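Novice: First the structure, which I've put down as structure tokens, then a few questions once you've had a look.
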Number of protein chains: 2
Amino acid sequence: MATGRTHRPATRSRGIPEATVARLPLYLRALTALSERSVPTVSSEELAAAAGVNSAKLRKDFSYLGSYGTRGVGYDVEYLVYQISRELGLTQDWPVVIVGIGNLGAALANYGGFASRGFRVAALIDADPAMAGKPVAGMPVQHTDDLEKIIDDNGVSIGVIATPAGAAQQVCDRLVAAGVTSILNFAPTVLSVPDGVDVRKVDLSIELQILAFHEQRKAGEESAEAAAVLPPAARAAGEDRKGPDGDVPAVMPA
Amino acid sequence: MATGRTHRPATRSRGIPEATVARLPLYLRALTALSERSVPTVSSEELAAAAGVNSAKLRKDFSYLGSYGTRGVGYDVEYLVYQISRELGLTQDWPVVIVGIGNLGAALANYGGFASRGFRVAALIDADPAMAGKPVAGMPVQHTDDLEKIIDDNGVSIGVIATPAGAAQQVCDRLVAAGVTSILNFAPTVLSVPDGVDVRKVDLSIELQILAFHEQRKAGEESAEAAAVLPPAARAAGEDRKGPDGDVPAVMPA
DNA sequence: GAGTGTGAATAGTTTCACAGCG
DNA sequence: CGCTGTGAAACTATTCACACTC
């Protein structure tokens with residue numbers, strides 16, 4: 001993913017590792033919860049547990065941001081919330097457009113977590129003329145024709161694509177041409193974008209397939225005990241895995 | 001405190017690296033598209049382009065599955081579709097339950113990609129008695145009370161959680177107790193599960209925050225040119241980063 | 001004493017580049 | 001030849017373990 005090439009002077013890169021960036025939101029959420037309970041400080045151990053990582057990783061992650069803790073004590077919750085928010089760019093307002101107001105798009109529009117931290121749904125856009133003007137999540141759906149104007153008027157740099165797969169690339173191209181440089185793609189397609197534009201994807205069926213892979217392994221590996229516990233539907237593909245290549249059951253058409 | 005072990009390091013994944021597993025669904029999708037166009041063979045270069053990765057990575061990935069290509073020619077599309085499907089466990093049927101039929105849960109239930117490959121929505125479950133019996137995506141919603149029975153009757157081993165954050169852990173615990181060993185979590189919470197249970201999460205606001213991080217960097221790094229192109233809303237946080245620790249602007253809302 | 005911050009060790013992933021097969 | 005398959009190199013990420021500070 002992240003197609004964008006970010007040139008870095010190589011010497012003294014003040015770069016935060018991507019893996020760390022991906023965990024900052026997790027820490028932030030845990031910290032916010034602590035903050036709401038008025039907890040003043042946390043240790044790396046406690047916070048790590050709340051965020052579902054181990055403490056060494058968390059400390060290493062924080063070390064990239066700076067020395068924000070106190071030895072022997074831990075981290076000041078409010079201070080860390082601020083520092084991470086700032087690092088993530090959440091101290092500013094990010095107007096976002098959602099394109100494709102079907103079931104999923106509407107669900108996203110209604111999702112509260114959106115507005116929670118720095119993000120604001122600036123517009124809902126759909127290609128269906130029948131949708132135009134209809135209110136979704138208290139906001140009128142606008143027609144795709146006005147996409148460019150909407151992006152421009154609202155200073156949008158982040159777009160969410162929730163269209164059918166077939167329309168995604170086209171919508172993506174228009175968003176990018178209109179100035180959007182970050183895209184969150186819910187459509188099951190690979191988007192191609194020019195350098196400098198970031199794309200992240202969320203794909204239900206990919207996630208399920210990854211789970212299925214591991215699920216299959218579980219069923220296969222612990223034959224005895226697992227078989228007893230395993231639900232009936234799992235009883236099916238009972239064959240040697242990883243067979244030495246050679247012949248294949250004639251399952252393929254063609 | 002359910003300090004339970006979160007996640008399993010995907011330990012002995014039978015040799016195939018986790019990063020590779022995560023890409024197999026991508027290859028499979030690209031291959032399926034080729035298959036539908038009756039393309040008989042592809043080179044690693046072409047397939048890689050279609051899947052949005054580079055060809056060296058793709059070849060390396062496939063090498064973990066076996067030698068399924070032909071030198072000088074490429075890969076047989078149908079054969080690869082079959083091999084990857086089998087590796088992912090998609091040659092069998094995976095009944096899935098969705099718990100939490102709000103906006104998102106309903107959208108997921110309606111999502112076609114579900115049934116496409118090996119997955120079948122076996123039941124929709126919600127805690128709201130008013131929802132019980134109502135049809136969503138042509139299927140009656142069932143009440144949480146019957147969760148265990150539903151899991152058992154249908155031999156479900158994969159559960160999707162689309163409840164509010166507050167209910168997620170509780171639902172998770174019940175799913176696991178009932179025999180579910182893979183969970184796809186859409187609720188913005190860290191779930192803790194016993195060893196042997198896989199959890200994958202999909203989190204809109206985390207993805208947006210990651211995008212915001214990079215977006216902020218873009219705005220900051222190329223000051224001159226970018227500033228001209230950048231939309232107005234991006235004009236905001238302009239301060240020194242990485243200040244030597246000391247004082248903090250009183251920005252936090254308590 | 002408690003707990004951070006971080007070099008060093010380890011593990012995992014991507015990329016290179018080319019030998020070798022069809 | 002063309003293109004796969006793969007060791008080796010390069011890079012990225014995680015974990016260890018302990019010096020250091022409060």
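Residue numbering restarts at 1 in every chain; chains get A, B, ... in the order shown in the structure tokens, and ligands count up from 1 in that same order.
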Once you count only C-alpha atoms (C1' of nucleotides), which residues of chain D turn out to be within 8 Å of chain A? Could you give them as a count of residues only?

Specialist: 5

Novice: Can you check which residues of chain A have any atom within 10 Å of chain C? Use only C-alpha atoms (C1' of nucleotides) and format it as a ChimeraX atom specification.

Specialist: /A:43-45,59-60,62-63,66-75

Novice: Going by DSSP on the backbone, which residues of region 55-236 of chain B come out as strand (DSSP E or B)? List them as a PyMOL selection string.

Specialist: chain B and resi 69-70+74-76+94-99+119-126+135-136+139-143+158-161+182-185+198-201

Novice: Just the residues within 10 Å of Ala50 (chain A), please, counting only C-alpha atoms (C1' of nucleotides), with nothing from its chain fewer than 5 positions along; format it as a PyMOL selection string.

Specialist: (chain A and resi 26-27+29-31+33-34+44-45) or (chain B and resi 3+189-192)

Novice: Calculate how many Å separate CA of Ala123 (chain A) from CA of Asp173 (chain A), rounding to one decimal.

Specialist: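 Interatomic distance, CA of Ala123 (chain A) to CA of Asp173 (chain A): 17.9 Å.
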
Novice: Need to verify the contact set: Gln170 (chain B), 12 Å, only C-alpha atoms (C1' of nucleotides), exclusion of same-chain residues closer than 2 positions in sequence. Can you return it as a VMD selection string?

Specialist: chain B and resid 2 99 127 144 161 163 to 168 172 to 177 187 189 to 193

Novice: Can you pull out every residue from region 1-246 of chain B that DSSP, working from the backbone, puts in alpha helix (DSSP H), and format the result as a PyMOL selection string?

Specialist: chain B and resi 18-36+44-51+55-65+77-88+103-110+113-116+147-154+165-178+204-221+223-229

Novice: Could you tell me which of A:Ala178, A:Leu204, A:Ala107, A:Val42 comes closest to chain B if we count only C-alpha atoms?

Specialist: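 Residue with the minimum atom-to-atom distance to chain B: A:Ala107.
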
Novice: Find the residue from B:Val141, B:Leu88, B:Val39, B:Ala219 that sits nearest to chain A; use only C-alpha atoms when measuring.

Specialist: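 Closest to chain A of all the choices is B:Leu88.
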
Novice: At a cut-off of 7 Å, which residues of chain A touch chain B? Count only C-alpha atoms and give the answer as an NGL selection string.

Specialist: :A and (21-22 or 25 or 51-52 or 82 or 87-89 or 92 or 103-104 or 107 or 113-114 or 155-156 or 182 or 190 or 205-206 or 209-213 or 215-216 or 231-234 or 236-237 or 252)

Novice: One number please: CA of Ala122 (chain A) to CA of Ile98 (chain A), in Å, one decimal.

Specialist: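 So the two atoms, CA of Ala122 (chain A) and CA of Ile98 (chain A), lie 8.3 Å apart.
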